[in-house]
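Next comes input.cif, with mmCIF, C-alpha atoms.
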```cif
data_input
#
loop_
_atom_site.label_atom_id
_atom_site.label_comp_id
_atom_site.auth_asym_id
_atom_site.auth_seq_id
_atom_site.Cartn_x
_atom_site.Cartn_y
_atom_site.Cartn_z
CA MET A 6 -12.76 4.37 -43.29
CA TYR A 7 -9.21 3.23 -43.69
CA MET A 8 -7.50 -0.13 -44.09
CA ALA A 9 -4.64 -0.82 -41.70
CA LYS A 10 -2.46 -3.60 -40.33
CA VAL A 11 -2.11 -4.11 -36.57
CA VAL A 12 1.62 -3.96 -35.76
CA GLY A 13 1.77 -3.64 -31.97
CA SER A 14 0.35 -1.87 -28.97
CA VAL A 15 1.11 1.09 -26.75
CA VAL A 16 1.67 0.79 -23.00
CA SER A 17 0.52 3.87 -21.10
CA THR A 18 0.07 4.03 -17.33
CA GLN A 19 -0.71 7.72 -17.00
CA LYS A 20 -3.62 8.54 -19.29
CA ASP A 21 -7.10 10.00 -19.53
CA ARG A 22 -9.67 8.09 -17.46
CA SER A 23 -11.71 7.25 -20.55
CA LEU A 24 -8.78 5.24 -21.97
CA VAL A 25 -8.20 3.06 -18.89
CA GLY A 26 -8.69 -0.65 -19.59
CA ARG A 27 -8.69 -0.26 -23.35
CA LYS A 28 -6.42 -1.98 -25.82
CA LEU A 29 -4.52 0.76 -27.67
CA MET A 30 -3.15 -0.81 -30.85
CA ILE A 31 -0.45 0.59 -33.13
CA VAL A 32 -1.84 0.40 -36.67
CA GLN A 33 -0.09 0.99 -40.00
CA PRO A 34 -2.48 2.23 -42.72
CA VAL A 35 -2.26 0.10 -45.89
CA ASN A 36 -3.83 -0.08 -49.33
CA SER A 37 -5.70 -3.13 -50.65
CA ASP A 38 -2.39 -4.65 -51.81
CA GLY A 39 -1.21 -4.61 -48.19
CA GLN A 40 1.36 -1.89 -48.89
CA SER A 41 2.02 0.69 -46.17
CA VAL A 42 0.69 4.20 -46.83
CA ARG A 43 1.12 7.30 -44.69
CA HIS A 44 2.18 6.81 -41.05
CA GLU A 45 1.30 4.72 -38.00
CA GLU A 46 -1.57 5.72 -35.73
CA VAL A 47 -2.97 4.39 -32.45
CA ALA A 48 -6.50 2.96 -32.41
CA ALA A 49 -8.74 1.65 -29.63
CA ASP A 50 -9.76 -1.93 -30.39
CA SER A 51 -13.42 -2.90 -30.15
CA VAL A 52 -13.37 -6.15 -32.14
CA GLY A 53 -10.51 -8.20 -30.70
CA ALA A 54 -7.99 -7.70 -33.50
CA GLY A 55 -4.57 -9.35 -33.18
CA ILE A 56 -1.09 -8.42 -34.33
CA GLY A 57 -0.69 -8.91 -38.08
CA GLU A 58 -4.39 -8.72 -38.92
CA TYR A 59 -5.85 -6.29 -41.45
CA VAL A 60 -8.53 -4.06 -39.94
CA LEU A 61 -10.96 -1.25 -40.69
CA LEU A 62 -10.35 2.08 -38.92
CA VAL A 63 -12.74 4.96 -38.29
CA ARG A 64 -11.79 8.39 -37.00
CA GLY A 65 -13.50 11.19 -35.10
CA ALA A 66 -16.95 10.99 -33.56
CA GLY A 67 -17.62 7.62 -35.19
CA ALA A 68 -14.68 6.16 -33.29
CA ARG A 69 -16.28 7.03 -29.96
CA ARG A 70 -19.50 5.26 -30.95
CA ALA A 71 -17.53 2.03 -31.45
CA THR A 72 -15.87 1.76 -28.08
CA SER A 73 -17.67 3.86 -25.55
CA GLU A 74 -20.71 3.56 -23.32
CA ASP A 75 -20.50 7.23 -22.35
CA ILE A 76 -19.49 9.15 -25.45
CA SER A 77 -19.65 12.52 -23.68
CA LYS A 78 -16.54 11.71 -21.63
CA ASP A 79 -14.58 9.74 -24.20
CA VAL A 80 -11.45 11.35 -25.66
CA ASN A 81 -10.74 8.59 -28.20
CA ASP A 82 -10.67 9.65 -31.88
CA CYS A 83 -9.66 6.42 -33.71
CA SER A 84 -11.11 2.89 -33.42
CA ILE A 85 -10.74 -0.51 -35.04
CA VAL A 86 -14.30 -1.37 -36.14
CA GLY A 87 -13.77 -4.51 -38.20
CA ILE A 88 -11.35 -7.30 -39.07
CA ILE A 89 -10.79 -7.59 -42.83
CA ASP A 90 -11.09 -11.19 -44.07
CA ARG A 91 -10.08 -10.33 -47.62
CA PHE A 92 -9.97 -7.64 -50.29
CA ASP A 93 -12.24 -8.38 -53.31
CA LYS A 94 -10.92 -6.77 -56.48
CA MET B 16 -4.79 8.86 -31.95
CA TYR B 17 -1.24 9.80 -32.79
CA MET B 18 2.13 9.17 -31.17
CA ALA B 19 4.27 12.26 -30.61
CA LYS B 20 7.31 13.50 -28.72
CA VAL B 21 7.09 16.63 -26.56
CA VAL B 22 9.77 19.05 -27.79
CA GLY B 23 8.89 22.36 -26.14
CA SER B 24 6.12 24.79 -25.35
CA VAL B 25 4.54 27.91 -26.75
CA VAL B 26 4.36 31.19 -24.83
CA SER B 27 1.28 33.25 -25.68
CA THR B 28 0.02 36.21 -23.69
CA GLN B 29 -2.78 37.28 -25.97
CA LYS B 30 -5.08 34.33 -26.54
CA ASP B 31 -8.61 33.00 -26.34
CA ARG B 32 -9.98 32.94 -22.77
CA SER B 33 -10.44 29.17 -22.88
CA LEU B 34 -6.67 28.70 -23.32
CA VAL B 35 -5.60 30.83 -20.33
CA GLY B 36 -3.69 28.83 -17.71
CA ARG B 37 -3.12 25.82 -19.93
CA LYS B 38 0.18 24.27 -20.84
CA LEU B 39 0.50 24.47 -24.63
CA MET B 40 3.14 21.95 -25.66
CA ILE B 41 4.95 21.74 -29.01
CA VAL B 42 4.72 18.10 -30.11
CA GLN B 43 6.47 16.31 -32.98
CA PRO B 44 4.44 13.35 -34.31
CA VAL B 45 6.51 10.14 -34.43
CA ASN B 46 6.12 6.49 -35.43
CA SER B 47 6.67 3.59 -33.03
CA ASP B 48 10.41 3.65 -33.84
CA GLY B 49 10.55 7.21 -32.51
CA GLN B 50 11.15 8.67 -35.98
CA SER B 51 9.59 12.04 -36.80
CA VAL B 52 6.67 11.99 -39.22
CA ARG B 53 4.75 14.95 -40.64
CA HIS B 54 5.11 18.32 -38.84
CA GLU B 55 4.98 19.79 -35.33
CA GLU B 56 1.66 20.69 -33.73
CA VAL B 57 0.62 22.36 -30.46
CA ALA B 58 -1.34 20.33 -27.90
CA ALA B 59 -2.93 21.20 -24.56
CA ASP B 60 -1.51 18.97 -21.85
CA SER B 61 -3.87 17.20 -19.46
CA VAL B 62 -1.54 14.52 -18.07
CA GLY B 63 1.60 16.39 -16.97
CA ALA B 64 3.88 15.37 -19.84
CA GLY B 65 7.46 16.66 -19.84
CA ILE B 66 9.92 17.59 -22.59
CA GLY B 67 11.33 14.49 -24.28
CA GLU B 68 8.46 12.17 -23.34
CA TYR B 69 6.44 10.18 -25.87
CA VAL B 70 2.73 10.92 -25.66
CA LEU B 71 -0.67 10.07 -27.14
CA LEU B 72 -2.49 12.88 -28.99
CA VAL B 73 -6.17 13.22 -29.85
CA ARG B 74 -7.67 15.81 -32.15
CA GLY B 75 -11.03 17.52 -32.56
CA ALA B 76 -13.97 17.16 -30.19
CA GLY B 77 -12.22 14.42 -28.21
CA ALA B 78 -9.45 16.88 -27.36
CA ARG B 79 -11.91 19.20 -25.66
CA ARG B 80 -13.22 16.36 -23.51
CA ALA B 81 -9.70 15.82 -22.14
CA THR B 82 -8.96 19.29 -20.91
CA SER B 83 -12.11 21.25 -20.43
CA GLU B 84 -14.80 21.62 -17.82
CA ASP B 85 -16.98 23.67 -20.16
CA ILE B 86 -16.65 22.16 -23.62
CA SER B 87 -19.09 24.62 -25.18
CA LYS B 88 -16.62 27.49 -24.81
CA ASP B 89 -13.37 25.62 -25.45
CA VAL B 90 -11.51 26.35 -28.69
CA ASN B 91 -8.83 23.68 -28.22
CA ASP B 92 -8.61 20.98 -30.93
CA CYS B 93 -5.56 18.90 -29.86
CA SER B 94 -4.72 17.36 -26.46
CA ILE B 95 -2.12 15.11 -24.89
CA VAL B 96 -4.19 12.30 -23.32
CA GLY B 97 -1.51 9.81 -22.24
CA ILE B 98 2.18 9.31 -21.61
CA ILE B 99 3.59 6.35 -23.55
CA ASP B 100 5.70 4.06 -21.35
CA ARG B 101 6.73 1.83 -24.24
CA PHE B 102 5.84 0.50 -27.68
CA ASP B 103 5.14 -3.28 -27.72
CA LYS B 104 5.91 -4.78 -31.11
CA MET C 26 -16.41 16.09 -51.15
CA TYR C 27 -13.95 13.97 -53.05
CA MET C 28 -13.98 12.23 -56.42
CA ALA C 29 -13.02 8.55 -56.35
CA LYS C 30 -13.15 5.39 -58.44
CA VAL C 31 -14.64 2.20 -57.00
CA VAL C 32 -11.98 -0.53 -57.26
CA GLY C 33 -13.28 -3.34 -55.07
CA SER C 34 -14.84 -4.23 -51.77
CA VAL C 35 -13.81 -5.40 -48.33
CA VAL C 36 -15.07 -8.64 -46.78
CA SER C 37 -15.35 -8.43 -43.00
CA THR C 38 -17.21 -10.95 -40.85
CA GLN C 39 -16.27 -9.59 -37.44
CA LYS C 40 -17.23 -5.90 -37.31
CA ASP C 41 -19.21 -3.25 -35.48
CA ARG C 42 -22.96 -3.94 -35.46
CA SER C 43 -23.66 -0.68 -37.32
CA LEU C 44 -21.69 -1.96 -40.33
CA VAL C 45 -23.50 -5.31 -40.70
CA GLY C 46 -25.30 -5.65 -44.03
CA ARG C 47 -23.56 -2.73 -45.64
CA LYS C 48 -21.53 -2.73 -48.81
CA LEU C 49 -18.02 -1.58 -47.89
CA MET C 50 -16.33 -0.47 -51.11
CA ILE C 51 -12.62 0.14 -51.68
CA VAL C 52 -12.34 3.54 -53.37
CA GLN C 53 -9.32 5.21 -54.96
CA PRO C 54 -9.52 9.04 -54.82
CA VAL C 55 -9.01 10.62 -58.26
CA ASN C 56 -8.89 14.08 -59.85
CA SER C 57 -11.21 15.18 -62.65
CA ASP C 58 -8.82 13.64 -65.23
CA GLY C 59 -9.37 10.26 -63.57
CA GLN C 60 -5.81 10.16 -62.22
CA SER C 61 -5.24 8.54 -58.82
CA VAL C 62 -4.43 10.93 -55.95
CA ARG C 63 -3.56 10.03 -52.36
CA HIS C 64 -4.45 6.53 -51.14
CA GLU C 65 -7.35 4.08 -51.12
CA GLU C 66 -10.09 4.36 -48.51
CA VAL C 67 -13.17 2.29 -47.64
CA ALA C 68 -16.62 3.84 -48.07
CA ALA C 69 -20.13 2.63 -47.26
CA ASP C 70 -22.25 2.66 -50.41
CA SER C 71 -25.68 4.27 -50.32
CA VAL C 72 -26.30 4.72 -54.07
CA GLY C 73 -25.57 1.31 -55.63
CA ALA C 74 -22.18 2.13 -57.17
CA GLY C 75 -20.38 -0.60 -59.12
CA ILE C 76 -16.73 -1.46 -59.67
CA GLY C 77 -15.09 0.98 -62.10
CA GLU C 78 -17.58 3.80 -61.57
CA TYR C 79 -16.56 7.31 -60.53
CA VAL C 80 -18.29 8.44 -57.34
CA LEU C 81 -18.62 11.32 -54.87
CA LEU C 82 -17.35 10.69 -51.33
CA VAL C 83 -18.18 12.52 -48.10
CA ARG C 84 -16.40 12.07 -44.79
CA GLY C 85 -17.25 12.54 -41.14
CA ALA C 86 -20.71 13.29 -39.77
CA GLY C 87 -22.10 13.85 -43.26
CA ALA C 88 -21.24 10.26 -44.13
CA ARG C 89 -23.48 8.95 -41.36
CA ARG C 90 -26.40 10.99 -42.66
CA ALA C 91 -26.12 9.21 -46.01
CA THR C 92 -26.33 5.63 -44.86
CA SER C 93 -27.84 5.40 -41.43
CA GLU C 94 -31.27 5.36 -39.90
CA ASP C 95 -29.86 5.70 -36.39
CA ILE C 96 -26.90 8.07 -36.59
CA SER C 97 -26.22 7.91 -32.86
CA LYS C 98 -24.98 4.31 -33.11
CA ASP C 99 -23.28 4.49 -36.51
CA VAL C 100 -19.47 4.26 -36.59
CA ASN C 101 -19.13 4.91 -40.33
CA ASP C 102 -17.07 7.98 -41.36
CA CYS C 103 -17.00 7.74 -45.19
CA SER C 104 -19.87 7.24 -47.67
CA ILE C 105 -20.45 7.16 -51.41
CA VAL C 106 -23.20 9.78 -51.93
CA GLY C 107 -23.35 10.04 -55.73
CA ILE C 108 -22.36 8.39 -59.00
CA ILE C 109 -20.48 10.81 -61.29
CA ASP C 110 -21.86 10.75 -64.86
CA ARG C 111 -19.19 13.12 -66.17
CA PHE C 112 -16.78 15.94 -65.33
CA ASP C 113 -17.68 19.27 -67.02
CA LYS C 114 -14.58 21.41 -67.56
CA MET D 14 -3.50 23.37 -32.80
CA TYR D 15 -1.08 24.58 -35.42
CA MET D 16 1.60 27.26 -35.51
CA ALA D 17 1.40 29.68 -38.42
CA LYS D 18 2.66 33.04 -39.64
CA VAL D 19 0.22 35.71 -40.79
CA VAL D 20 1.18 36.69 -44.36
CA GLY D 21 -1.76 38.71 -45.64
CA SER D 22 -5.52 38.87 -45.90
CA VAL D 23 -8.27 37.98 -48.31
CA VAL D 24 -10.71 40.54 -49.71
CA SER D 25 -14.14 39.06 -50.42
CA THR D 26 -17.27 41.09 -51.10
CA GLN D 27 -19.63 38.25 -51.93
CA LYS D 28 -19.59 35.78 -49.05
CA ASP D 29 -21.66 33.93 -46.49
CA ARG D 30 -23.45 36.25 -44.04
CA SER D 31 -21.61 34.77 -41.08
CA LEU D 32 -18.28 35.98 -42.51
CA VAL D 33 -19.29 39.61 -43.02
CA GLY D 34 -17.21 42.05 -40.96
CA ARG D 35 -14.55 39.50 -40.09
CA LYS D 36 -10.85 39.74 -40.77
CA LEU D 37 -9.91 36.79 -42.97
CA MET D 38 -6.16 36.36 -42.71
CA ILE D 39 -3.90 34.33 -45.00
CA VAL D 40 -1.75 32.15 -42.74
CA GLN D 41 1.28 29.99 -43.59
CA PRO D 42 1.68 27.01 -41.21
CA VAL D 43 5.19 26.86 -39.72
CA ASN D 44 7.20 24.70 -37.33
CA SER D 45 8.82 26.03 -34.15
CA ASP D 46 11.89 27.08 -36.16
CA GLY D 47 9.66 29.37 -38.21
CA GLN D 48 10.03 27.21 -41.32
CA SER D 49 7.03 26.90 -43.64
CA VAL D 50 5.25 23.54 -43.64
CA ARG D 51 2.32 22.43 -45.81
CA HIS D 52 0.29 25.16 -47.55
CA GLU D 53 -1.42 28.47 -46.81
CA GLU D 54 -4.89 28.56 -45.28
CA VAL D 55 -7.36 31.33 -44.43
CA ALA D 56 -8.26 31.93 -40.78
CA ALA D 57 -10.74 34.27 -39.06
CA ASP D 58 -8.90 36.46 -36.58
CA SER D 59 -10.25 36.82 -33.06
CA VAL D 60 -7.15 38.21 -31.29
CA GLY D 61 -5.99 41.13 -33.43
CA ALA D 62 -2.99 39.45 -35.09
CA GLY D 63 -0.91 41.49 -37.52
CA ILE D 64 1.06 40.62 -40.66
CA GLY D 65 4.32 38.87 -39.78
CA GLU D 66 3.20 37.61 -36.37
CA TYR D 67 3.29 33.96 -35.34
CA VAL D 68 -0.10 32.67 -34.24
CA LEU D 69 -1.97 29.62 -32.96
CA LEU D 70 -4.64 28.13 -35.26
CA VAL D 71 -7.55 25.86 -34.43
CA ARG D 72 -9.74 24.08 -36.94
CA GLY D 73 -13.28 22.73 -37.04
CA ALA D 74 -15.90 23.27 -34.35
CA GLY D 75 -13.34 24.84 -31.99
CA ALA D 76 -12.78 27.59 -34.54
CA ARG D 77 -16.40 28.63 -34.39
CA ARG D 78 -16.26 28.92 -30.61
CA ALA D 79 -13.47 31.48 -30.97
CA THR D 80 -15.16 33.95 -33.24
CA SER D 81 -18.88 33.53 -33.15
CA GLU D 82 -21.78 34.60 -31.00
CA ASP D 83 -24.16 32.32 -32.83
CA ILE D 84 -22.31 29.12 -33.62
CA SER D 85 -25.30 27.48 -35.24
CA LYS D 86 -25.10 29.81 -38.26
CA ASP D 87 -21.33 30.18 -38.52
CA VAL D 88 -19.60 28.56 -41.50
CA ASN D 89 -16.04 29.32 -40.35
CA ASP D 90 -13.73 26.32 -39.81
CA CYS D 91 -10.35 27.93 -38.95
CA SER D 92 -9.53 30.65 -36.40
CA ILE D 93 -6.51 32.44 -34.99
CA VAL D 94 -6.85 31.89 -31.22
CA GLY D 95 -3.52 33.24 -29.89
CA ILE D 96 -0.46 35.30 -30.72
CA ILE D 97 2.78 33.38 -30.08
CA ASP D 98 5.30 35.44 -28.09
CA ARG D 99 8.01 32.81 -28.33
CA PHE D 100 8.81 29.12 -28.73
CA ASP D 101 10.44 27.57 -25.62
CA LYS D 102 12.62 24.61 -26.57
CA MET E 20 -10.70 27.84 -44.68
CA TYR E 21 -8.93 27.16 -47.95
CA MET E 22 -8.35 29.15 -51.10
CA ALA E 23 -9.30 27.40 -54.33
CA LYS E 24 -9.99 28.03 -58.01
CA VAL E 25 -13.21 26.80 -59.61
CA VAL E 26 -12.25 24.59 -62.56
CA GLY E 27 -15.48 22.81 -63.51
CA SER E 28 -18.47 20.94 -62.21
CA VAL E 29 -19.61 17.39 -61.65
CA VAL E 30 -22.71 15.92 -63.27
CA SER E 31 -24.41 13.30 -61.12
CA THR E 32 -27.91 11.95 -61.71
CA GLN E 33 -27.96 9.28 -59.02
CA LYS E 34 -27.10 10.91 -55.69
CA ASP E 35 -28.21 11.51 -52.13
CA ARG E 36 -31.48 13.46 -51.89
CA SER E 37 -29.79 16.29 -49.99
CA LEU E 38 -27.56 17.02 -53.02
CA VAL E 39 -30.36 17.27 -55.61
CA GLY E 40 -30.57 20.71 -57.25
CA ARG E 41 -27.18 21.84 -55.99
CA LYS E 42 -24.28 23.05 -58.05
CA LEU E 43 -21.37 20.70 -57.34
CA MET E 44 -18.19 22.51 -58.43
CA ILE E 45 -14.76 20.98 -59.01
CA VAL E 46 -12.29 23.16 -57.11
CA GLN E 47 -8.48 23.14 -57.17
CA PRO E 48 -6.96 24.37 -53.89
CA VAL E 49 -4.40 27.17 -54.44
CA ASN E 50 -2.08 29.39 -52.43
CA SER E 51 -2.24 33.18 -52.46
CA ASP E 52 0.00 33.24 -55.57
CA GLY E 53 -2.66 31.24 -57.39
CA GLN E 54 -0.46 28.13 -57.54
CA SER E 55 -2.15 24.75 -57.26
CA VAL E 56 -1.61 22.88 -53.99
CA ARG E 57 -2.82 19.38 -53.06
CA HIS E 58 -5.62 17.86 -55.15
CA GLU E 59 -9.03 18.76 -56.56
CA GLU E 60 -12.15 18.46 -54.41
CA VAL E 61 -15.88 18.94 -55.04
CA ALA E 62 -17.71 21.75 -53.23
CA ALA E 63 -21.37 22.79 -53.09
CA ASP E 64 -21.72 26.38 -54.23
CA SER E 65 -23.72 28.82 -52.12
CA VAL E 66 -22.47 32.13 -53.54
CA GLY E 67 -22.79 31.79 -57.33
CA ALA E 68 -19.12 31.26 -58.15
CA GLY E 69 -18.13 30.82 -61.80
CA ILE E 70 -15.42 28.85 -63.57
CA GLY E 71 -12.01 30.51 -63.15
CA GLU E 72 -12.90 32.44 -59.98
CA TYR E 73 -10.93 32.19 -56.76
CA VAL E 74 -13.09 31.14 -53.81
CA LEU E 75 -13.07 30.39 -50.09
CA LEU E 76 -13.82 26.79 -49.06
CA VAL E 77 -14.98 25.44 -45.71
CA ARG E 78 -15.14 21.77 -44.76
CA GLY E 79 -17.12 19.68 -42.31
CA ALA E 80 -20.06 20.88 -40.26
CA GLY E 81 -19.46 24.50 -41.30
CA ALA E 82 -20.06 23.50 -44.92
CA ARG E 83 -23.54 22.30 -44.10
CA ARG E 84 -24.41 25.61 -42.45
CA ALA E 85 -23.62 27.39 -45.72
CA THR E 86 -25.89 25.51 -48.04
CA SER E 87 -28.59 23.76 -46.13
CA GLU E 88 -31.95 24.59 -44.62
CA ASP E 89 -32.12 21.23 -42.87
CA ILE E 90 -28.64 20.41 -41.64
CA SER E 91 -29.69 17.17 -40.00
CA LYS E 92 -30.26 15.49 -43.38
CA ASP E 93 -27.45 17.13 -45.35
CA VAL E 94 -24.52 14.91 -46.38
CA ASN E 95 -22.40 17.73 -47.84
CA ASP E 96 -18.96 18.28 -46.25
CA CYS E 97 -17.43 21.04 -48.44
CA SER E 98 -18.88 24.41 -49.51
CA ILE E 99 -17.83 27.53 -51.38
CA VAL E 100 -18.60 30.34 -48.90
CA GLY E 101 -17.03 33.37 -50.58
CA ILE E 102 -15.65 34.73 -53.84
CA ILE E 103 -12.12 36.14 -53.40
CA ASP E 104 -11.74 39.59 -54.99
CA ARG E 105 -8.04 39.79 -54.26
CA PHE E 106 -5.18 38.65 -52.02
CA ASP E 107 -3.66 41.50 -49.92
CA LYS E 108 -0.03 40.77 -49.09
#
```
Written as structure tokens, that's how I'd like the structure from this file.
Amino acid sequence: MYMAKVVGSVVSTQKDRSLVGRKLMIVQPVNSDGQSVRHEEVAADSVGAGIGEYVLLVRGAGARRATSEDISKDVNDCSIVGIIDRFDK
Amino acid sequence: MYMAKVVGSVVSTQKDRSLVGRKLMIVQPVNSDGQSVRHEEVAADSVGAGIGEYVLLVRGAGARRATSEDISKDVNDCSIVGIIDRFDK
Amino acid sequence: MYMAKVVGSVVSTQKDRSLVGRKLMIVQPVNSDGQSVRHEEVAADSVGAGIGEYVLLVRGAGARRATSEDISKDVNDCSIVGIIDRFDK
Amino acid sequence: MYMAKVVGSVVSTQKDRSLVGRKLMIVQPVNSDGQSVRHEEVAADSVGAGIGEYVLLVRGAGARRATSEDISKDVNDCSIVGIIDRFDK
Amino acid sequence: MYMAKVVGSVVSTQKDRSLVGRKLMIVQPVNSDGQSVRHEEVAADSVGAGIGEYVLLVRGAGARRATSEDISKDVNDCSIVGIIDRFDK
């Protein structure tokens, strides 16, 4: 899993049926000091995360389990699966 | 998922049967400011994206769900699954 | 598999059901000299690793096999699967 | 999918049964200008690609679909699935 | 697949059941000139590779096919699947 900060969302009218009605958030991966690492990605939101919040991301098959009733038709490969309250170090 | 810009296409005569008849687009991953990140990839197009458009990419098993009727014989591992109208930030 | 050092944990109240009750550790990938490489990730712990310990990480489907009774509903994609006693070189 | 240039092959006598009799090509990922990006990989060839040719690579489960009759015993995770005639930009 | 050099092994007493009795080798990815690229990983050995040898690595589901009788309980995600005799270029 990866830590990321929600920085916006993507508006897409023409898209795969399995993505219709989903919130597609722009997320910036971060480390536990809140510093940006690597590059932005787009994640389907399943926990109601808002702009500016730190979240947990999963990729691949796990991402489909978070957001989909019918995994066999879901193209999604990245989901927000938790809102991070704090980093304990 | 990743944001990318469509920059061209690949012409390939000799290829796996599952790729015949598909549009194989050259895509440059970008961030939400439209800046290039990482390196170009090749994605099968399932939404009719044109050169210069910003798109959503998925990789791996999700990519096969976007473009294939018979997933069990599909070699594809990257698909364009949406056209990005705009980035909301 | 990857070598990593456990550096903390993530506190998340609102998260996918499959992550409830799990220890979500912040791990810093390292090489066999203990030097940090790449960036921090978050891994579900299945072996009782503590802060400061070196551990083995797996990603993807293998990670769900380490920590889950019901893989079909598990969103996790990274698990601690061993505590490293020492590096033999 | 990735673009790559075939630069050589690997000779391996002692290897997994599923790799016996396969051509294991050394491939250098490139962009659509033919410039090297990232690092060399090894790909099983299923289309008869020769040294110096530009090719399409797939990774993961898709790679096994390209080269294997019995996917359940195949360890391969990278295949050449097309020869690139040209880049249209 | 990736080329790598075996540089050592990891000693781990407390680990997932599926890893017990396996040789867990520290491998440094290399290019076909033998130069180190990226960072060390840990791979389960299925071909009897020794320290200093060049090997072929596979990741993900393919890795489990190389080393496991019961894939459904195997957490491993990286295996040595061949010893490289030489690079032909």
Which neighbours of stretch 11-17 of chain A fall inside 10 Å, counting all atoms listed in the file, when residues of the same chain fewer than 2 positions from it are skipped, and could you give them as an MDAnalysis selection string?
-> (chainID A and resid 9 19:21 24:25 28:34 45:49 54:60 85) or (chainID B and resid 18 47 69:71 96:104)
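Interatomic distance, atom CA of C:Ala88 against atom CA of C:Tyr27: 12.1 Å.
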Let's have chain C fitted on chain E; use all the C-alpha atoms paired in order for the least-squares step and return it as a tab-separated table (two decimals) with C-alpha atoms, in the frame of the given file.
```
chain	number	residue	atom	x	y	z
C	26	MET	CA	-10.69	27.83	-44.68
C	27	TYR	CA	-8.93	27.16	-47.94
C	28	MET	CA	-8.35	29.16	-51.11
C	29	ALA	CA	-9.31	27.39	-54.34
C	30	LYS	CA	-9.99	28.03	-58.01
C	31	VAL	CA	-13.21	26.80	-59.61
C	32	VAL	CA	-12.25	24.59	-62.57
C	33	GLY	CA	-15.46	22.80	-63.51
C	34	SER	CA	-18.46	20.94	-62.22
C	35	VAL	CA	-19.61	17.39	-61.65
C	36	VAL	CA	-22.72	15.92	-63.28
C	37	SER	CA	-24.41	13.31	-61.10
C	38	THR	CA	-27.91	11.97	-61.70
C	39	GLN	CA	-27.96	9.30	-59.01
C	40	LYS	CA	-27.09	10.92	-55.68
C	41	ASP	CA	-28.20	11.53	-52.11
C	42	ARG	CA	-31.47	13.47	-51.88
C	43	SER	CA	-29.77	16.31	-49.98
C	44	LEU	CA	-27.56	17.02	-53.01
C	45	VAL	CA	-30.36	17.28	-55.60
C	46	GLY	CA	-30.55	20.72	-57.21
C	47	ARG	CA	-27.19	21.85	-55.98
C	48	LYS	CA	-24.28	23.06	-58.04
C	49	LEU	CA	-21.37	20.70	-57.35
C	50	MET	CA	-18.20	22.50	-58.44
C	51	ILE	CA	-14.76	20.98	-59.01
C	52	VAL	CA	-12.29	23.16	-57.11
C	53	GLN	CA	-8.49	23.14	-57.18
C	54	PRO	CA	-6.96	24.37	-53.88
C	55	VAL	CA	-4.41	27.16	-54.45
C	56	ASN	CA	-2.08	29.38	-52.41
C	57	SER	CA	-2.25	33.18	-52.44
C	58	ASP	CA	0.00	33.25	-55.56
C	59	GLY	CA	-2.66	31.24	-57.40
C	60	GLN	CA	-0.46	28.14	-57.54
C	61	SER	CA	-2.16	24.74	-57.26
C	62	VAL	CA	-1.62	22.87	-53.97
C	63	ARG	CA	-2.83	19.39	-53.06
C	64	HIS	CA	-5.63	17.87	-55.15
C	65	GLU	CA	-9.04	18.76	-56.57
C	66	GLU	CA	-12.15	18.47	-54.41
C	67	VAL	CA	-15.88	18.94	-55.03
C	68	ALA	CA	-17.72	21.75	-53.24
C	69	ALA	CA	-21.37	22.79	-53.08
C	70	ASP	CA	-21.72	26.39	-54.23
C	71	SER	CA	-23.73	28.82	-52.12
C	72	VAL	CA	-22.46	32.14	-53.54
C	73	GLY	CA	-22.79	31.80	-57.33
C	74	ALA	CA	-19.11	31.26	-58.16
C	75	GLY	CA	-18.13	30.82	-61.81
C	76	ILE	CA	-15.42	28.85	-63.58
C	77	GLY	CA	-12.01	30.50	-63.15
C	78	GLU	CA	-12.91	32.44	-60.00
C	79	TYR	CA	-10.93	32.18	-56.77
C	80	VAL	CA	-13.10	31.14	-53.82
C	81	LEU	CA	-13.07	30.39	-50.09
C	82	LEU	CA	-13.82	26.80	-49.06
C	83	VAL	CA	-14.97	25.43	-45.71
C	84	ARG	CA	-15.14	21.77	-44.76
C	85	GLY	CA	-17.11	19.67	-42.31
C	86	ALA	CA	-20.06	20.87	-40.25
C	87	GLY	CA	-19.46	24.48	-41.28
C	88	ALA	CA	-20.06	23.50	-44.90
C	89	ARG	CA	-23.56	22.29	-44.09
C	90	ARG	CA	-24.40	25.61	-42.44
C	91	ALA	CA	-23.60	27.40	-45.70
C	92	THR	CA	-25.88	25.52	-48.04
C	93	SER	CA	-28.59	23.74	-46.15
C	94	GLU	CA	-31.94	24.56	-44.67
C	95	ASP	CA	-32.13	21.22	-42.89
C	96	ILE	CA	-28.63	20.41	-41.65
C	97	SER	CA	-29.71	17.16	-40.01
C	98	LYS	CA	-30.28	15.49	-43.39
C	99	ASP	CA	-27.45	17.12	-45.35
C	100	VAL	CA	-24.52	14.90	-46.39
C	101	ASN	CA	-22.41	17.72	-47.84
C	102	ASP	CA	-18.96	18.28	-46.25
C	103	CYS	CA	-17.43	21.04	-48.43
C	104	SER	CA	-18.89	24.41	-49.52
C	105	ILE	CA	-17.84	27.53	-51.38
C	106	VAL	CA	-18.59	30.34	-48.89
C	107	GLY	CA	-17.02	33.37	-50.59
C	108	ILE	CA	-15.64	34.73	-53.85
C	109	ILE	CA	-12.11	36.13	-53.42
C	110	ASP	CA	-11.75	39.59	-55.01
C	111	ARG	CA	-8.02	39.78	-54.28
C	112	PHE	CA	-5.18	38.65	-52.01
C	113	ASP	CA	-3.67	41.50	-49.92
C	114	LYS	CA	-0.03	40.79	-49.07
```
Explicit residues for the PyMOL selection byres ((chain E and resi 83-98) around 6) (as a ChimeraX atom specification) = /C:26,87,90-91 /D:86,88 /E:37,62-65,76-82,99-100
